[in-house]
$ cat target30.cif   # mmCIF, C-alpha atoms
data_my_file
#
loop_
_atom_site.group_PDB
_atom_site.id
_atom_site.type_symbol
_atom_site.label_atom_id
_atom_site.label_comp_id
_atom_site.auth_asym_id
_atom_site.auth_seq_id
_atom_site.Cartn_x
_atom_site.Cartn_y
_atom_site.Cartn_z
ATOM 1 C CA MET A 50 -3.195 -61.516 22.111
ATOM 2 C CA ALA A 51 -2.248 -59.104 19.334
ATOM 3 C CA VAL A 52 -1.616 -55.520 20.272
ATOM 4 C CA SER A 53 -3.950 -53.158 18.390
ATOM 5 C CA ASN A 54 -2.705 -50.130 16.452
ATOM 6 C CA MET A 55 -4.470 -47.935 18.960
ATOM 7 C CA ASP A 56 -2.593 -49.562 21.815
ATOM 8 C CA LYS A 57 0.691 -49.206 19.943
ATOM 9 C CA GLU A 58 0.021 -45.516 19.366
ATOM 10 C CA ARG A 59 -0.953 -45.077 23.013
ATOM 11 C CA ALA A 60 2.329 -46.622 24.052
ATOM 12 C CA LEU A 61 4.140 -44.313 21.619
ATOM 13 C CA ILE A 62 2.366 -41.278 23.067
ATOM 14 C CA ASP A 63 3.255 -42.345 26.610
ATOM 15 C CA LYS A 64 6.920 -42.442 25.631
ATOM 16 C CA ILE A 65 6.640 -38.964 24.046
ATOM 17 C CA VAL A 66 5.051 -37.601 27.209
ATOM 18 C CA GLU A 67 8.066 -38.936 29.091
ATOM 19 C CA GLY A 68 10.373 -37.073 26.703
ATOM 20 C CA ASP A 69 11.369 -39.849 24.310
ATOM 21 C CA GLU A 70 12.654 -38.035 21.212
ATOM 22 C CA GLN A 71 12.876 -41.230 19.145
ATOM 23 C CA ALA A 72 9.204 -41.959 19.808
ATOM 24 C CA PHE A 73 8.376 -38.416 18.791
ATOM 25 C CA SER A 74 10.334 -38.888 15.563
ATOM 26 C CA VAL A 75 8.257 -41.995 14.802
ATOM 27 C CA LEU A 76 5.041 -39.995 15.347
ATOM 28 C CA PHE A 77 6.352 -37.165 13.180
ATOM 29 C CA PHE A 78 7.121 -39.340 10.160
ATOM 30 C CA LYS A 79 3.935 -41.349 10.598
ATOM 31 C CA TYR A 80 1.730 -38.276 10.012
ATOM 32 C CA LEU A 81 4.110 -36.030 8.060
ATOM 33 C CA SER A 82 2.870 -36.728 4.522
ATOM 34 C CA VAL A 83 -0.877 -36.432 5.199
ATOM 35 C CA LEU A 84 -0.475 -33.311 7.346
ATOM 36 C CA GLN A 85 1.838 -31.659 4.834
ATOM 37 C CA LEU A 86 -0.654 -32.360 2.040
ATOM 38 C CA PHE A 87 -3.421 -30.890 4.196
ATOM 39 C CA ALA A 88 -1.390 -27.756 4.975
ATOM 40 C CA ALA A 89 -0.389 -27.310 1.317
ATOM 41 C CA LYS A 90 -4.027 -27.402 0.217
ATOM 42 C CA PHE A 91 -4.892 -24.948 2.984
ATOM 43 C CA THR A 92 -2.126 -22.424 2.217
ATOM 44 C CA LYS A 93 -1.592 -23.082 -1.507
ATOM 45 C CA SER A 94 2.135 -23.167 -0.783
ATOM 46 C CA ASP A 95 4.430 -26.181 -0.331
ATOM 47 C CA ASP A 96 7.080 -24.042 1.376
ATOM 48 C CA ALA A 97 4.532 -22.615 3.800
ATOM 49 C CA ALA A 98 3.162 -26.101 4.472
ATOM 50 C CA GLU A 99 6.623 -27.408 5.364
ATOM 51 C CA GLU A 100 7.221 -24.519 7.755
ATOM 52 C CA ILE A 101 3.767 -24.954 9.301
ATOM 53 C CA ILE A 102 4.314 -28.675 9.940
ATOM 54 C CA GLN A 103 7.624 -27.947 11.644
ATOM 55 C CA ASP A 104 6.061 -25.256 13.824
ATOM 56 C CA ALA A 105 3.071 -27.456 14.659
ATOM 57 C CA PHE A 106 5.196 -30.420 15.730
ATOM 58 C CA LEU A 107 7.484 -28.126 17.697
ATOM 59 C CA ARG A 108 4.448 -26.915 19.638
ATOM 60 C CA VAL A 109 3.272 -30.498 20.116
ATOM 61 C CA TRP A 110 6.674 -31.417 21.534
ATOM 62 C CA LEU A 111 6.809 -28.394 23.824
ATOM 63 C CA ASN A 112 3.303 -29.239 25.072
ATOM 64 C CA ARG A 113 3.807 -33.013 25.042
ATOM 65 C CA ASP A 114 2.442 -33.352 28.592
ATOM 66 C CA LYS A 115 -1.011 -32.587 27.162
ATOM 67 C CA LEU A 116 -0.791 -35.672 24.940
ATOM 68 C CA ALA A 117 -1.542 -37.788 28.016
ATOM 69 C CA GLU A 118 -5.141 -36.601 27.840
ATOM 70 C CA VAL A 119 -5.519 -37.037 24.066
ATOM 71 C CA ASP A 120 -7.680 -39.898 22.812
ATOM 72 C CA ASN A 121 -7.415 -39.234 19.067
ATOM 73 C CA VAL A 122 -3.834 -38.295 18.213
ATOM 74 C CA LYS A 123 -4.528 -37.785 14.498
ATOM 75 C CA ALA A 124 -7.358 -35.315 15.193
ATOM 76 C CA TYR A 125 -5.158 -33.590 17.765
ATOM 77 C CA LEU A 126 -2.352 -33.128 15.217
ATOM 78 C CA TYR A 127 -4.780 -31.883 12.565
ATOM 79 C CA LYS A 128 -6.039 -29.315 15.053
ATOM 80 C CA TYR A 129 -2.513 -28.047 15.675
ATOM 81 C CA VAL A 130 -1.763 -27.856 11.962
ATOM 82 C CA SER A 131 -5.099 -26.143 11.251
ATOM 83 C CA ASN A 132 -4.318 -23.499 13.875
ATOM 84 C CA GLU A 133 -0.869 -22.946 12.383
ATOM 85 C CA CYS A 134 -2.414 -22.623 8.916
ATOM 86 C CA LEU A 135 -4.884 -20.022 10.153
ATOM 87 C CA SER A 136 -2.083 -18.093 11.858
ATOM 88 C CA TYR A 137 -0.079 -18.205 8.636
ATOM 89 C CA LEU A 138 -2.996 -16.956 6.533
ATOM 90 C CA ARG A 139 -3.789 -14.144 8.982
ATOM 91 C CA LYS A 140 -0.158 -13.077 8.979
ATOM 92 C CA LYS A 141 0.044 -13.250 5.191
ATOM 93 C CA LEU A 142 -3.146 -11.225 4.803
ATOM 94 C CA LYS A 143 -1.794 -8.599 7.164
ATOM 95 C CA GLU A 144 1.537 -8.501 5.332
ATOM 96 C CA ASP A 145 -0.229 -8.248 1.970
ATOM 97 C CA ARG A 146 -2.279 -5.326 3.267
ATOM 98 C CA VAL A 147 0.847 -3.626 4.584
ATOM 99 C CA VAL A 148 2.605 -4.157 1.267
ATOM 100 C CA ASP A 149 -0.418 -2.876 -0.658
ATOM 101 C CA ALA A 150 -0.676 0.157 1.590
ATOM 102 C CA PHE A 151 3.037 0.842 1.313
ATOM 103 C CA THR A 152 2.931 0.463 -2.463
ATOM 104 C CA ALA A 153 -0.056 2.820 -2.647
ATOM 105 C CA ARG A 154 1.740 5.390 -0.483
ATOM 106 C CA GLN A 155 4.852 5.073 -2.624
ATOM 107 C CA GLN A 156 2.768 5.502 -5.773
ATOM 108 C CA ASP A 157 0.950 8.505 -4.308
ATOM 109 C CA SER A 158 4.249 9.982 -3.211
ATOM 110 C CA HIS A 159 5.686 9.394 -6.675
ATOM 111 C CA ASN A 160 2.655 10.973 -8.323
ATOM 112 C CA ASN A 161 2.681 13.915 -5.931
ATOM 113 C CA THR A 162 6.374 14.460 -6.625
ATOM 114 C CA ILE A 163 5.745 14.452 -10.358
ATOM 115 C CA GLU A 164 2.806 16.842 -9.943
ATOM 116 C CA THR A 165 4.896 19.140 -7.753
ATOM 117 C CA ILE A 166 7.744 19.144 -10.260
ATOM 118 C CA ASN A 167 5.315 19.846 -13.106
ATOM 119 C CA LEU A 168 3.568 22.610 -11.177
ATOM 120 C CA ASN A 169 6.899 24.205 -10.249
ATOM 121 C CA GLU A 170 7.986 24.040 -13.860
ATOM 122 C CA VAL A 171 4.730 25.599 -15.062
ATOM 123 C CA THR A 172 4.968 28.336 -12.412
ATOM 124 C CA LYS A 173 8.491 29.268 -13.549
ATOM 125 C CA ILE A 174 7.479 29.346 -17.208
ATOM 126 C CA ILE A 175 4.458 31.498 -16.368
ATOM 127 C CA ALA A 176 6.671 33.878 -14.366
ATOM 128 C CA ILE A 177 8.928 34.294 -17.400
ATOM 129 C CA ALA A 178 5.900 34.884 -19.650
ATOM 130 C CA VAL A 179 4.529 37.492 -17.227
ATOM 131 C CA GLU A 180 7.877 39.316 -17.164
ATOM 132 C CA LYS A 181 7.708 39.626 -20.945
ATOM 133 C CA LEU A 182 4.327 41.414 -20.808
ATOM 134 C CA PRO A 183 4.175 45.181 -21.355
ATOM 135 C CA ASP A 184 4.321 47.151 -18.077
ATOM 136 C CA GLN A 185 0.622 47.986 -17.731
ATOM 137 C CA ARG A 186 -0.549 44.533 -18.781
ATOM 138 C CA ARG A 187 1.905 42.906 -16.392
ATOM 139 C CA ASN A 188 0.734 45.222 -13.596
ATOM 140 C CA ILE A 189 -2.906 44.355 -14.271
ATOM 141 C CA TYR A 190 -2.146 40.629 -14.326
ATOM 142 C CA GLN A 191 -0.219 40.817 -11.047
ATOM 143 C CA LEU A 192 -2.953 42.845 -9.345
ATOM 144 C CA SER A 193 -5.412 40.144 -10.401
ATOM 145 C CA ARG A 194 -3.296 37.047 -9.715
ATOM 146 C CA ARG A 195 -0.958 38.102 -6.935
ATOM 147 C CA ASP A 196 -3.180 40.530 -5.053
ATOM 148 C CA GLY A 197 -6.497 38.850 -5.806
ATOM 149 C CA LYS A 198 -8.212 42.044 -6.912
ATOM 150 C CA THR A 199 -11.338 42.003 -9.071
ATOM 151 C CA ILE A 200 -11.631 43.701 -12.448
ATOM 152 C CA PRO A 201 -13.637 46.681 -11.015
ATOM 153 C CA GLU A 202 -11.086 47.098 -8.206
ATOM 154 C CA ILE A 203 -8.184 47.146 -10.662
ATOM 155 C CA ALA A 204 -10.029 49.577 -12.933
ATOM 156 C CA GLU A 205 -10.649 51.967 -10.027
ATOM 157 C CA LEU A 206 -7.083 51.638 -8.740
ATOM 158 C CA LEU A 207 -5.503 52.350 -12.157
ATOM 159 C CA ASN A 208 -8.202 54.824 -13.220
ATOM 160 C CA ILE A 209 -9.056 52.898 -16.378
ATOM 161 C CA SER A 210 -12.236 51.228 -17.585
ATOM 162 C CA PRO A 211 -13.186 47.702 -16.514
ATOM 163 C CA ASN A 212 -13.218 46.649 -20.171
ATOM 164 C CA THR A 213 -9.615 47.776 -20.538
ATOM 165 C CA VAL A 214 -8.668 45.665 -17.530
ATOM 166 C CA LYS A 215 -10.558 42.664 -18.871
ATOM 167 C CA ASN A 216 -9.022 42.991 -22.339
ATOM 168 C CA ALA A 217 -5.564 43.295 -20.797
ATOM 169 C CA LEU A 218 -6.111 40.093 -18.817
ATOM 170 C CA VAL A 219 -7.412 38.256 -21.875
ATOM 171 C CA ILE A 220 -4.383 39.337 -23.915
ATOM 172 C CA ALA A 221 -2.088 38.397 -21.017
ATOM 173 C CA LEU A 222 -3.734 34.983 -20.915
ATOM 174 C CA LYS A 223 -3.211 34.527 -24.637
ATOM 175 C CA SER A 224 0.470 35.494 -24.315
ATOM 176 C CA ILE A 225 0.985 33.068 -21.441
ATOM 177 C CA ARG A 226 -0.731 30.245 -23.330
ATOM 178 C CA ILE A 227 1.463 30.849 -26.385
ATOM 179 C CA HIS A 228 4.548 30.834 -24.161
ATOM 180 C CA LEU A 229 3.438 27.567 -22.559
ATOM 181 C CA ASP A 230 2.671 26.003 -25.946
ATOM 182 C CA GLN A 231 6.231 26.802 -26.992
ATOM 183 C CA HIS A 232 7.410 24.748 -24.025
ATOM 184 C CA GLY A 233 5.115 21.845 -24.871
ATOM 185 C CA ILE A 234 2.798 22.410 -21.904
ATOM 186 C CA VAL A 235 -0.962 22.045 -22.302
ATOM 187 C CA PHE A 236 -2.651 24.517 -19.973
ATOM 188 C CA PHE A 237 -6.235 23.588 -19.126
ATOM 189 C CA PHE A 238 -8.955 26.095 -18.356
ATOM 190 C CA PRO A 239 -9.321 25.397 -14.586
ATOM 191 C CA ILE A 240 -5.592 26.006 -14.110
ATOM 192 C CA ILE A 241 -5.796 29.155 -16.230
ATOM 193 C CA CYS A 242 -8.555 30.445 -13.992
ATOM 194 C CA PHE A 243 -6.376 29.718 -10.974
ATOM 195 C CA PHE A 244 -3.514 31.775 -12.336
ATOM 196 C CA LEU A 245 -5.575 34.645 -13.724
ATOM 197 C CA LYS A 246 -8.565 34.767 -11.361
ATOM 198 C CA ILE A 247 -10.628 36.826 -13.776
ATOM 199 C CA LYS A 248 -13.632 38.071 -11.813
#
$ encode --input "target30.cif" --output "structure tokens"
Amino acid sequence: MAVSNMDKERALIDKIVEGDEQAFSVLFFKYLSVLQLFAAKFTKSDDAAEEIIQDAFLRVWLNRDKLAEVDNVKAYLYKYVSNECLSYLRKKLKEDRVVDAFTARQQDSHNNTIETINLNEVTKIIAIAVEKLPDQRRNIYQLSRRDGKTIPEIAELLNISPNTVKNALVIALKSIRIHLDQHGIVFFFPIICFFLKIK
């Protein structure tokens, strides 16, 4: 009576359960190509598929005692490989997210550094421009920008008219803008308001 393929495989599995490495090698090469193709389609990576197959069969070997209860060896191996594929994809997704997050942080850090350098440069250039202003105009600008005083407050403090204060600030602004233009810096209105705080 001929021995069926199922019986042959059962005998092979029994040997593996007993720790027969040669029998395990036969099982490995019997299903290697189809499982590797399956894993490659799953992961879209031949290298990942090869690693997954190795890990899957390692787990099968380490848990070979469970093979005694397995009726369909092929389905059992596919299940192991599928689980390894899912673990791989979860890990890859997590790593991709970490890389993306790290890259974003690096980019933000780079941008912030550039912005800080630019702001520091602008601040220094403005400081030089302010120093070049006539005494009263410089005093009015500093009372507005540094001390945060309003035009009426400056006018009362210096005993001059509010219009004089406003005109002085406008002229100071024009001088600063010219100085910045000479340094190739475009100074937008919101930033101008920040530095002058004309109220």
$ atom_distance --input "target30.cif" --atom1 "atom CA of A:Ala97" --atom2 "atom CA of A:Arg113"
23.7 Å
$ closest_residue --input "target30.cif" --among "A:Asp96, A:Gln185, A:Thr199, A:Gln191" --to "A:Ala217" --atoms "only C-alpha atoms"
A:Gln185
$ residues_around --input "target30.cif" --residues "stretch 74-77 of chain A" --least-positions-apart "4" --cutoff "8 Å" --atoms "only C-alpha atoms" --output "VMD selection string"
chain A and resid 61 70 81 106
$ resolve_selection --input "target30.cif" --expression "the PyMOL selection byres ((chain A and resi 80) around 10)" --output "MDAnalysis selection string"
chainID A and resid 75:79 81:85 102 122:123 126:127
$ resolve_selection --input "target30.cif" --expression "the PyMOL selection byres ((chain A and resi 186) around 9)" --output "ChimeraX atom specification"
/A:179,182-185,187-191,214,217-218,220-221
$ atom_distance --input "target30.cif" --atom1 "atom CA of A:Pro201" --atom2 "atom CA of A:Arg226"
24.3 Å
$ residues_around --input "target30.cif" --residues "stretch 133-142 of chain A" --least-positions-apart "6" --cutoff "7 Å" --atoms "all atoms listed in the file" --output "list in words"
Ala88, Phe91, Thr92, Ile101 and Ala105 of chain A
$ atom_distance --input "target30.cif" --atom1 "atom CA of A:Asp196" --atom2 "atom CA of A:Glu180"
16.4 Å
$ decode --input "target30.cif" --residues "stretch 94-126 of chain A" --atoms "N, CA and C atoms" --output "PDB file, in the first residue's frame"
ATOM      1  N   SER A  94       9.089  43.705  -0.391  1.00  0.00           N
ATOM      2  CA  SER A  94      10.541  43.727  -0.219  1.00  0.00           C
ATOM      3  C   SER A  94      11.083  42.299  -0.165  1.00  0.00           C
ATOM      4  N   ASP A  95      11.988  41.971  -1.097  1.00  0.00           N
ATOM      5  CA  ASP A  95      12.583  40.630  -1.111  1.00  0.00           C
ATOM      6  C   ASP A  95      13.467  40.409   0.118  1.00  0.00           C
ATOM      7  N   ASP A  96      14.210  41.450   0.499  1.00  0.00           N
ATOM      8  CA  ASP A  96      15.085  41.345   1.671  1.00  0.00           C
ATOM      9  C   ASP A  96      14.262  41.110   2.934  1.00  0.00           C
ATOM     10  N   ALA A  97      13.177  41.865   3.065  1.00  0.00           N
ATOM     11  CA  ALA A  97      12.308  41.700   4.234  1.00  0.00           C
ATOM     12  C   ALA A  97      11.684  40.317   4.240  1.00  0.00           C
ATOM     13  N   ALA A  98      11.290  39.836   3.063  1.00  0.00           N
ATOM     14  CA  ALA A  98      10.669  38.512   2.956  1.00  0.00           C
ATOM     15  C   ALA A  98      11.632  37.428   3.419  1.00  0.00           C
ATOM     16  N   GLU A  99      12.887  37.539   3.011  1.00  0.00           N
ATOM     17  CA  GLU A  99      13.896  36.545   3.399  1.00  0.00           C
ATOM     18  C   GLU A  99      14.077  36.528   4.919  1.00  0.00           C
ATOM     19  N   GLU A 100      14.154  37.713   5.498  1.00  0.00           N
ATOM     20  CA  GLU A 100      14.315  37.817   6.953  1.00  0.00           C
ATOM     21  C   GLU A 100      13.093  37.263   7.685  1.00  0.00           C
ATOM     22  N   ILE A 101      11.915  37.558   7.142  1.00  0.00           N
ATOM     23  CA  ILE A 101      10.661  37.089   7.749  1.00  0.00           C
ATOM     24  C   ILE A 101      10.578  35.567   7.734  1.00  0.00           C
ATOM     25  N   ILE A 102      10.953  34.956   6.610  1.00  0.00           N
ATOM     26  CA  ILE A 102      10.911  33.492   6.503  1.00  0.00           C
ATOM     27  C   ILE A 102      11.843  32.862   7.533  1.00  0.00           C
ATOM     28  N   GLN A 103      13.029  33.432   7.666  1.00  0.00           N
ATOM     29  CA  GLN A 103      13.987  32.910   8.645  1.00  0.00           C
ATOM     30  C   GLN A 103      13.434  33.009  10.059  1.00  0.00           C
ATOM     31  N   ASP A 104      12.858  34.167  10.380  1.00  0.00           N
ATOM     32  CA  ASP A 104      12.288  34.363  11.715  1.00  0.00           C
ATOM     33  C   ASP A 104      11.113  33.421  11.950  1.00  0.00           C
ATOM     34  N   ALA A 105      10.279  33.258  10.936  1.00  0.00           N
ATOM     35  CA  ALA A 105       9.095  32.399  11.065  1.00  0.00           C
ATOM     36  C   ALA A 105       9.501  30.954  11.324  1.00  0.00           C
ATOM     37  N   PHE A 106      10.458  30.460  10.532  1.00  0.00           N
ATOM     38  CA  PHE A 106      10.886  29.065  10.716  1.00  0.00           C
ATOM     39  C   PHE A 106      11.648  28.872  12.027  1.00  0.00           C
ATOM     40  N   LEU A 107      12.331  29.914  12.469  1.00  0.00           N
ATOM     41  CA  LEU A 107      13.002  29.830  13.766  1.00  0.00           C
ATOM     42  C   LEU A 107      11.968  29.644  14.867  1.00  0.00           C
ATOM     43  N   ARG A 108      10.875  30.407  14.767  1.00  0.00           N
ATOM     44  CA  ARG A 108       9.797  30.289  15.759  1.00  0.00           C
ATOM     45  C   ARG A 108       9.128  28.909  15.681  1.00  0.00           C
ATOM     46  N   VAL A 109       8.966  28.421  14.451  1.00  0.00           N
ATOM     47  CA  VAL A 109       8.371  27.090  14.283  1.00  0.00           C
ATOM     48  C   VAL A 109       9.254  26.043  14.964  1.00  0.00           C
ATOM     49  N   TRP A 110      10.563  26.159  14.760  1.00  0.00           N
ATOM     50  CA  TRP A 110      11.490  25.209  15.367  1.00  0.00           C
ATOM     51  C   TRP A 110      11.464  25.298  16.900  1.00  0.00           C
ATOM     52  N   LEU A 111      11.468  26.511  17.405  1.00  0.00           N
ATOM     53  CA  LEU A 111      11.472  26.700  18.857  1.00  0.00           C
ATOM     54  C   LEU A 111      10.169  26.207  19.490  1.00  0.00           C
ATOM     55  N   ASN A 112       9.090  26.221  18.695  1.00  0.00           N
ATOM     56  CA  ASN A 112       7.785  25.768  19.188  1.00  0.00           C
ATOM     57  C   ASN A 112       7.358  24.476  18.493  1.00  0.00           C
ATOM     58  N   ARG A 113       8.349  23.657  18.136  1.00  0.00           N
ATOM     59  CA  ARG A 113       8.081  22.455  17.335  1.00  0.00           C
ATOM     60  C   ARG A 113       7.161  21.456  18.049  1.00  0.00           C
ATOM     61  N   ASP A 114       7.101  21.511  19.380  1.00  0.00           N
ATOM     62  CA  ASP A 114       6.222  20.595  20.103  1.00  0.00           C
ATOM     63  C   ASP A 114       4.756  20.810  19.733  1.00  0.00           C
ATOM     64  N   LYS A 115       4.428  22.040  19.312  1.00  0.00           N
ATOM     65  CA  LYS A 115       3.047  22.352  18.927  1.00  0.00           C
ATOM     66  C   LYS A 115       2.667  21.722  17.587  1.00  0.00           C
ATOM     67  N   LEU A 116       3.676  21.347  16.801  1.00  0.00           N
ATOM     68  CA  LEU A 116       3.403  20.734  15.497  1.00  0.00           C
ATOM     69  C   LEU A 116       2.661  19.402  15.642  1.00  0.00           C
ATOM     70  N   ALA A 117       2.776  18.790  16.811  1.00  0.00           N
ATOM     71  CA  ALA A 117       2.118  17.494  17.032  1.00  0.00           C
ATOM     72  C   ALA A 117       0.611  17.617  16.917  1.00  0.00           C
ATOM     73  N   GLU A 118       0.095  18.811  17.163  1.00  0.00           N
ATOM     74  CA  GLU A 118      -1.351  19.025  17.134  1.00  0.00           C
ATOM     75  C   GLU A 118      -1.834  19.628  15.815  1.00  0.00           C
ATOM     76  N   VAL A 119      -0.892  19.858  14.893  1.00  0.00           N
ATOM     77  CA  VAL A 119      -1.226  20.525  13.625  1.00  0.00           C
ATOM     78  C   VAL A 119      -1.679  19.515  12.580  1.00  0.00           C
ATOM     79  N   ASP A 120      -2.827  19.782  11.976  1.00  0.00           N
ATOM     80  CA  ASP A 120      -3.347  18.906  10.920  1.00  0.00           C
ATOM     81  C   ASP A 120      -2.898  19.372   9.542  1.00  0.00           C
ATOM     82  N   ASN A 121      -2.905  20.714   9.344  1.00  0.00           N
ATOM     83  CA  ASN A 121      -2.530  21.271   8.043  1.00  0.00           C
ATOM     84  C   ASN A 121      -1.241  22.083   8.218  1.00  0.00           C
ATOM     85  N   VAL A 122      -0.135  21.453   7.897  1.00  0.00           N
ATOM     86  CA  VAL A 122       1.181  22.084   8.106  1.00  0.00           C
ATOM     87  C   VAL A 122       1.342  23.340   7.250  1.00  0.00           C
ATOM     88  N   LYS A 123       0.896  23.272   5.995  1.00  0.00           N
ATOM     89  CA  LYS A 123       1.037  24.411   5.089  1.00  0.00           C
ATOM     90  C   LYS A 123       0.292  25.633   5.642  1.00  0.00           C
ATOM     91  N   ALA A 124      -0.939  25.439   6.086  1.00  0.00           N
ATOM     92  CA  ALA A 124      -1.722  26.542   6.651  1.00  0.00           C
ATOM     93  C   ALA A 124      -1.053  27.074   7.923  1.00  0.00           C
ATOM     94  N   TYR A 125      -0.489  26.161   8.690  1.00  0.00           N
ATOM     95  CA  TYR A 125       0.191  26.531   9.932  1.00  0.00           C
ATOM     96  C   TYR A 125       1.398  27.414   9.639  1.00  0.00           C
ATOM     97  N   LEU A 126       2.171  27.060   8.610  1.00  0.00           N
ATOM     98  CA  LEU A 126       3.345  27.844   8.225  1.00  0.00           C
ATOM     99  C   LEU A 126       2.936  29.214   7.662  1.00  0.00           C
TER     100      LEU A 126
END
